[in-house]
$ cat coords25.txt   # compact mmCIF, C-alpha atoms
# COMPACT_ATOMS: atom_id res chain seq x y z
CA MET A 58 16.29 60.48 -18.78
CA PRO A 59 13.83 60.36 -15.86
CA LYS A 60 10.34 59.17 -16.57
CA ALA A 61 7.59 61.78 -16.39
CA PRO A 62 5.39 61.37 -13.31
CA LYS A 63 1.78 60.51 -13.88
CA ALA A 64 -1.11 62.20 -12.10
CA HIS A 65 -1.89 59.05 -10.08
CA GLU A 66 1.76 58.87 -8.93
CA ASP A 67 1.60 62.50 -7.81
CA ARG A 68 -1.47 61.71 -5.71
CA GLN A 69 0.06 58.48 -4.37
CA PHE A 70 3.20 60.25 -3.15
CA MET A 71 1.21 63.19 -1.77
CA ARG A 72 -0.89 60.70 0.23
CA ARG A 73 2.37 59.25 1.54
CA ALA A 74 3.49 62.76 2.56
CA ILE A 75 0.14 63.23 4.34
CA GLU A 76 0.73 59.96 6.24
CA LEU A 77 4.12 61.31 7.32
CA ALA A 78 2.58 64.61 8.45
CA ARG A 79 0.33 62.61 10.79
CA MET A 80 3.50 61.30 12.51
CA CYS A 81 4.62 64.80 13.59
CA PRO A 82 4.76 65.54 17.29
CA PRO A 83 1.96 68.12 17.83
CA SER A 84 2.93 71.77 18.14
CA ASP A 85 1.09 74.99 18.90
CA THR A 86 3.74 77.03 17.09
CA ALA A 87 4.34 75.14 13.83
CA PHE A 88 2.51 73.12 11.21
CA SER A 89 2.73 69.36 10.87
CA VAL A 90 4.15 68.70 7.41
CA GLY A 91 5.29 65.59 5.56
CA ALA A 92 7.74 65.36 2.65
CA VAL A 93 8.82 62.66 0.21
CA ILE A 94 11.67 62.83 -2.32
CA VAL A 95 11.00 60.63 -5.35
CA VAL A 96 13.27 59.64 -8.24
CA ASP A 97 12.05 57.61 -11.23
CA GLY A 98 8.87 56.59 -9.43
CA GLY A 99 10.65 55.42 -6.27
CA GLU A 100 10.85 56.98 -2.82
CA VAL A 101 14.46 57.84 -1.90
CA ALA A 102 13.94 59.90 1.30
CA THR A 103 11.16 61.04 3.61
CA GLY A 104 10.81 63.52 6.41
CA TYR A 105 8.32 65.16 8.68
CA SER A 106 8.23 68.20 10.91
CA ARG A 107 10.00 67.78 14.25
CA GLU A 108 11.23 64.31 13.23
CA THR A 109 14.77 64.78 14.56
CA ASP A 110 14.51 67.98 16.60
CA ALA A 111 11.93 70.60 17.55
CA LYS A 112 12.94 72.96 14.71
CA VAL A 113 13.43 70.59 11.76
CA HIS A 114 11.12 71.05 8.79
CA ALA A 115 9.83 68.10 6.77
CA GLU A 116 11.79 68.93 3.63
CA GLU A 117 14.93 69.59 5.67
CA SER A 118 14.58 66.21 7.38
CA ALA A 119 14.22 64.42 4.04
CA PHE A 120 17.23 66.22 2.51
CA ASP A 121 19.31 65.44 5.61
CA LYS A 122 18.98 61.71 4.80
CA LEU A 123 20.75 62.15 1.45
CA ASP A 124 24.20 63.40 0.47
CA ALA A 125 24.03 67.06 -0.54
CA ASP A 126 25.61 66.20 -3.89
CA ASP A 127 23.43 63.13 -4.58
CA PRO A 128 23.12 63.16 -8.40
CA ARG A 129 19.59 61.73 -8.19
CA LEU A 130 18.33 65.07 -6.86
CA ALA A 131 18.77 66.59 -10.34
CA THR A 132 15.85 64.46 -11.54
CA ALA A 133 13.83 64.28 -8.31
CA THR A 134 10.36 65.41 -7.39
CA LEU A 135 9.82 66.70 -3.86
CA TYR A 136 6.34 66.17 -2.44
CA SER A 137 5.45 68.39 0.52
CA THR A 138 2.07 68.73 2.15
CA LEU A 139 2.72 72.47 2.65
CA GLU A 140 4.39 75.10 0.50
CA PRO A 141 8.14 75.10 1.27
CA CYS A 142 9.16 77.97 3.51
CA SER A 143 10.88 81.02 2.09
CA GLN A 144 12.03 82.27 5.51
CA ARG A 145 12.79 80.66 8.87
CA ALA A 146 12.22 81.79 12.43
CA THR A 147 15.57 80.14 13.20
CA PRO A 148 18.07 82.28 11.25
CA THR A 149 20.81 79.62 11.39
CA ARG A 150 18.67 77.22 9.34
CA LEU A 151 18.31 77.54 5.57
CA PRO A 152 14.75 78.04 4.27
CA CYS A 153 13.39 74.98 2.51
CA THR A 154 13.08 76.80 -0.83
CA ASP A 155 16.82 77.54 -0.66
CA ARG A 156 17.53 73.88 0.14
CA ILE A 157 15.48 72.78 -2.87
CA LEU A 158 17.29 75.22 -5.16
CA ALA A 159 20.73 74.25 -3.80
CA ALA A 160 19.93 70.56 -4.34
CA GLY A 161 18.85 71.22 -7.93
CA VAL A 162 15.45 69.54 -7.53
CA PRO A 163 13.52 70.43 -10.70
CA ARG A 164 9.97 69.64 -9.57
CA VAL A 165 7.93 70.24 -6.40
CA VAL A 166 4.38 69.12 -5.66
CA ILE A 167 2.42 70.65 -2.78
CA ALA A 168 -1.11 70.31 -1.39
CA TRP A 169 -1.62 73.75 0.18
CA ARG A 170 -0.02 77.17 0.39
CA GLU A 171 1.46 78.55 3.60
CA PRO A 172 -1.29 80.51 5.38
CA THR A 173 -0.55 83.66 7.37
CA THR A 174 -0.79 81.85 10.73
CA PHE A 175 2.98 82.02 11.37
CA VAL A 176 4.43 83.74 8.29
CA THR A 177 2.81 86.82 6.80
CA ASN A 178 4.31 86.55 3.33
CA CYS A 179 5.56 83.13 2.29
CA VAL A 180 6.78 83.26 -1.30
CA GLY A 181 8.10 79.71 -1.59
CA VAL A 182 6.14 78.79 -4.72
CA GLU A 183 6.97 82.08 -6.42
CA LYS A 184 10.68 81.83 -5.57
CA LEU A 185 10.88 78.25 -6.87
CA ARG A 186 9.09 79.15 -10.10
CA GLN A 187 11.34 82.21 -10.60
CA HIS A 188 14.31 79.81 -10.53
CA GLY A 189 12.78 77.43 -13.09
CA VAL A 190 11.40 74.79 -10.71
CA GLU A 191 8.11 73.28 -11.84
CA VAL A 192 5.58 73.58 -9.00
CA LEU A 193 2.31 71.65 -9.06
CA GLU A 194 -0.44 72.30 -6.52
CA LEU A 195 -2.80 69.40 -5.71
CA THR A 196 -5.47 71.58 -4.14
CA ASP A 197 -7.94 68.70 -4.07
CA LEU A 198 -5.74 67.10 -1.37
CA ALA A 199 -5.34 70.32 0.65
CA GLU A 200 -8.04 69.44 3.18
CA ALA A 201 -6.41 66.08 3.96
CA ALA A 202 -2.99 67.75 4.17
CA MET A 203 -4.34 70.37 6.62
CA SER A 204 -6.34 67.93 8.75
CA MET A 205 -3.62 67.33 11.36
CA ASN A 206 -3.28 71.10 11.84
CA GLN A 207 -6.87 71.90 12.79
CA HIS A 208 -5.86 72.77 16.37
CA LEU A 209 -4.04 75.82 14.97
CA ASN A 210 -5.72 79.03 13.93
CA VAL A 211 -5.26 78.41 10.21
CA ARG A 212 -5.96 81.58 8.24
$ encode --input "coords25.txt" --output "structure tokens"
Amino acid sequence: MPKAPKAHEDRQFMRRAIELARMCPPSDTAFSVGAVIVVDGGEVATGYSRETDAKVHAEESAFDKLDADDPRLATATLYSTLEPCSQRATPTRLPCTDRILAAGVPRVVIAWREPTTFVTNCVGVEKLRQHGVEVLELTDLAEAAMSMNQHLNVR
């Protein structure tokens, strides 16, 4: 049975995701996002936007570092600085919410919701919750999570 995360652990891993978001190559057409996958209080994979190619999302990059059928994912928490996408501009790539659901991750922690800058109707949080995923929003860390995206017209 996995141990329940504590509030200080949630903030610790979100700060780690924010550090990763600062590593993103800058873009005028996409947000800089960091992601951390945690199991039993330990980091098992990380990712950030544009880490491996110009189109890779943070969550996608983190998942790509694990086997798709890794049994640890069934007890994992995914920390992402931004709400996981519910649609992609690149139709050949699976939206991050679909990746989370396919992996069976039961818990997601985010710092801020997807604004309408690039996507008019992101429903990542709603879709995850509809499928039984616990979603926690750490809105007090939203400003730090958005800080590397100030060059964009965030709205």
$ residues_around --input "coords25.txt" --residues "Asn178 of chain A" --least-positions-apart "5" --cutoff "12 Å" --atoms "all atoms listed in the file" --output "VMD selection string"
chain A and resid 140 142 to 145 170 to 173 183 to 184
$ residues_near_point --input "coords25.txt" --point "(9.8, 75.9, 0.1)" --cutoff "9 Å" --atoms "all atoms listed in the file" --output "PyMOL selection string"
chain A and resi 116+137+139-144+152-157+165+179-182+184-185
$ residues_around --input "coords25.txt" --residues "segment 85-91 of chain A" --least-positions-apart "4" --cutoff "8 Å" --atoms "all atoms listed in the file" --output "ChimeraX atom specification"
/A:74-79,81,103-106,114-116,137-139,175,202,205-206,208-209
$ atom_distance --input "coords25.txt" --atom1 "atom CA of Thr196 of chain A" --atom2 "atom CA of Ala119 of chain A"
22.5 Å
$ residues_around --input "coords25.txt" --residues "Ala125 of chain A" --least-positions-apart "5" --cutoff "9 Å" --atoms "all atoms listed in the file" --output "VMD selection string"
chain A and resid 120 130 159 to 160
$ decode --input "coords25.txt" --residues "segment 90-129 of chain A" --atoms "N, CA and C atoms" --output "CSV table (one decimal), in the first residue's frame"
chain,number,residue,atom,x,y,z
A,90,VAL,N,6.9,24.0,-19.0
A,90,VAL,CA,6.3,23.2,-18.0
A,90,VAL,C,7.3,22.1,-17.5
A,91,GLY,N,7.2,21.8,-16.2
A,91,GLY,CA,8.0,20.8,-15.6
A,91,GLY,C,7.1,19.7,-15.0
A,92,ALA,N,7.6,18.5,-15.0
A,92,ALA,CA,6.8,17.4,-14.5
A,92,ALA,C,7.7,16.4,-13.7
A,93,VAL,N,7.1,15.8,-12.6
A,93,VAL,CA,7.8,14.8,-11.8
A,93,VAL,C,6.8,13.7,-11.5
A,94,ILE,N,7.3,12.5,-11.7
A,94,ILE,CA,6.5,11.3,-11.3
A,94,ILE,C,7.1,10.8,-10.0
A,95,VAL,N,6.2,10.6,-9.0
A,95,VAL,CA,6.7,10.2,-7.7
A,95,VAL,C,6.0,9.0,-7.2
A,96,VAL,N,6.7,8.0,-6.7
A,96,VAL,CA,6.1,6.8,-6.1
A,96,VAL,C,6.7,6.6,-4.7
A,97,ASP,N,5.8,6.5,-3.7
A,97,ASP,CA,6.2,6.3,-2.3
A,97,ASP,C,7.2,7.3,-1.8
A,98,GLY,N,7.0,8.5,-2.2
A,98,GLY,CA,7.9,9.6,-1.7
A,98,GLY,C,9.2,9.8,-2.5
A,99,GLY,N,9.4,9.0,-3.5
A,99,GLY,CA,10.6,9.1,-4.3
A,99,GLY,C,10.4,9.4,-5.8
A,100,GLU,N,11.2,10.2,-6.3
A,100,GLU,CA,11.1,10.6,-7.7
A,100,GLU,C,11.6,9.4,-8.6
A,101,VAL,N,10.7,9.1,-9.6
A,101,VAL,CA,11.1,8.0,-10.5
A,101,VAL,C,11.3,8.4,-11.9
A,102,ALA,N,10.7,9.6,-12.3
A,102,ALA,CA,11.0,10.2,-13.6
A,102,ALA,C,10.6,11.6,-13.6
A,103,THR,N,11.3,12.4,-14.5
A,103,THR,CA,11.1,13.8,-14.6
A,103,THR,C,11.0,14.1,-16.1
A,104,GLY,N,10.5,15.3,-16.4
A,104,GLY,CA,10.5,15.8,-17.8
A,104,GLY,C,10.2,17.2,-17.8
A,105,TYR,N,10.5,17.9,-18.9
A,105,TYR,CA,10.1,19.3,-19.1
A,105,TYR,C,9.9,19.5,-20.6
A,106,SER,N,9.1,20.5,-20.9
A,106,SER,CA,8.7,20.9,-22.2
A,106,SER,C,10.0,21.0,-23.1
A,107,ARG,N,9.9,20.5,-24.3
A,107,ARG,CA,10.9,20.6,-25.3
A,107,ARG,C,12.3,19.9,-24.9
A,108,GLU,N,12.2,19.0,-23.9
A,108,GLU,CA,13.4,18.3,-23.4
A,108,GLU,C,14.1,17.5,-24.5
A,109,THR,N,13.3,16.7,-25.3
A,109,THR,CA,13.9,15.8,-26.3
A,109,THR,C,13.6,16.2,-27.7
A,110,ASP,N,12.5,17.0,-27.9
A,110,ASP,CA,12.2,17.6,-29.2
A,110,ASP,C,11.3,18.8,-29.1
A,111,ALA,N,11.1,19.5,-30.1
A,111,ALA,CA,10.4,20.8,-30.0
A,111,ALA,C,8.9,20.6,-29.7
A,112,LYS,N,8.3,19.4,-29.8
A,112,LYS,CA,6.9,19.2,-29.5
A,112,LYS,C,6.6,18.5,-28.2
A,113,VAL,N,7.6,17.9,-27.6
A,113,VAL,CA,7.4,17.1,-26.4
A,113,VAL,C,6.9,17.9,-25.2
A,114,HIS,N,5.9,17.4,-24.6
A,114,HIS,CA,5.3,18.0,-23.4
A,114,HIS,C,6.1,17.4,-22.1
A,115,ALA,N,6.0,18.2,-21.0
A,115,ALA,CA,6.7,17.7,-19.8
A,115,ALA,C,6.3,16.4,-19.3
A,116,GLU,N,5.0,16.2,-19.3
A,116,GLU,CA,4.4,14.9,-18.8
A,116,GLU,C,4.8,13.7,-19.7
A,117,GLU,N,4.7,14.0,-21.0
A,117,GLU,CA,5.1,13.0,-22.0
A,117,GLU,C,6.6,12.6,-21.9
A,118,SER,N,7.4,13.6,-21.7
A,118,SER,CA,8.8,13.4,-21.5
A,118,SER,C,9.1,12.5,-20.3
A,119,ALA,N,8.4,12.8,-19.2
A,119,ALA,CA,8.6,12.0,-18.0
A,119,ALA,C,8.1,10.5,-18.2
A,120,PHE,N,6.9,10.4,-18.8
A,120,PHE,CA,6.4,9.0,-19.1
A,120,PHE,C,7.3,8.2,-20.0
A,121,ASP,N,7.9,8.9,-21.0
A,121,ASP,CA,8.8,8.3,-22.0
A,121,ASP,C,10.0,7.6,-21.3
A,122,LYS,N,10.3,8.0,-20.1
A,122,LYS,CA,11.5,7.5,-19.4
A,122,LYS,C,11.2,6.2,-18.6
A,123,LEU,N,9.9,5.8,-18.6
A,123,LEU,CA,9.4,4.6,-17.9
A,123,LEU,C,8.8,3.7,-18.9
A,124,ASP,N,8.8,2.4,-18.6
A,124,ASP,CA,8.0,1.4,-19.4
A,124,ASP,C,6.5,1.7,-19.2
A,125,ALA,N,5.8,1.6,-20.3
A,125,ALA,CA,4.4,1.9,-20.3
A,125,ALA,C,3.6,1.1,-19.3
A,126,ASP,N,4.1,-0.2,-19.1
A,126,ASP,CA,3.4,-1.0,-18.1
A,126,ASP,C,4.1,-1.1,-16.8
A,127,ASP,N,4.9,-0.1,-16.4
A,127,ASP,CA,5.6,0.0,-15.1
A,127,ASP,C,4.5,-0.1,-14.0
A,128,PRO,N,4.6,-1.1,-13.2
A,128,PRO,CA,3.5,-1.3,-12.1
A,128,PRO,C,3.5,-0.2,-11.1
A,129,ARG,N,4.6,0.6,-11.0
A,129,ARG,CA,4.7,1.6,-10.0
A,129,ARG,C,3.7,2.8,-10.4
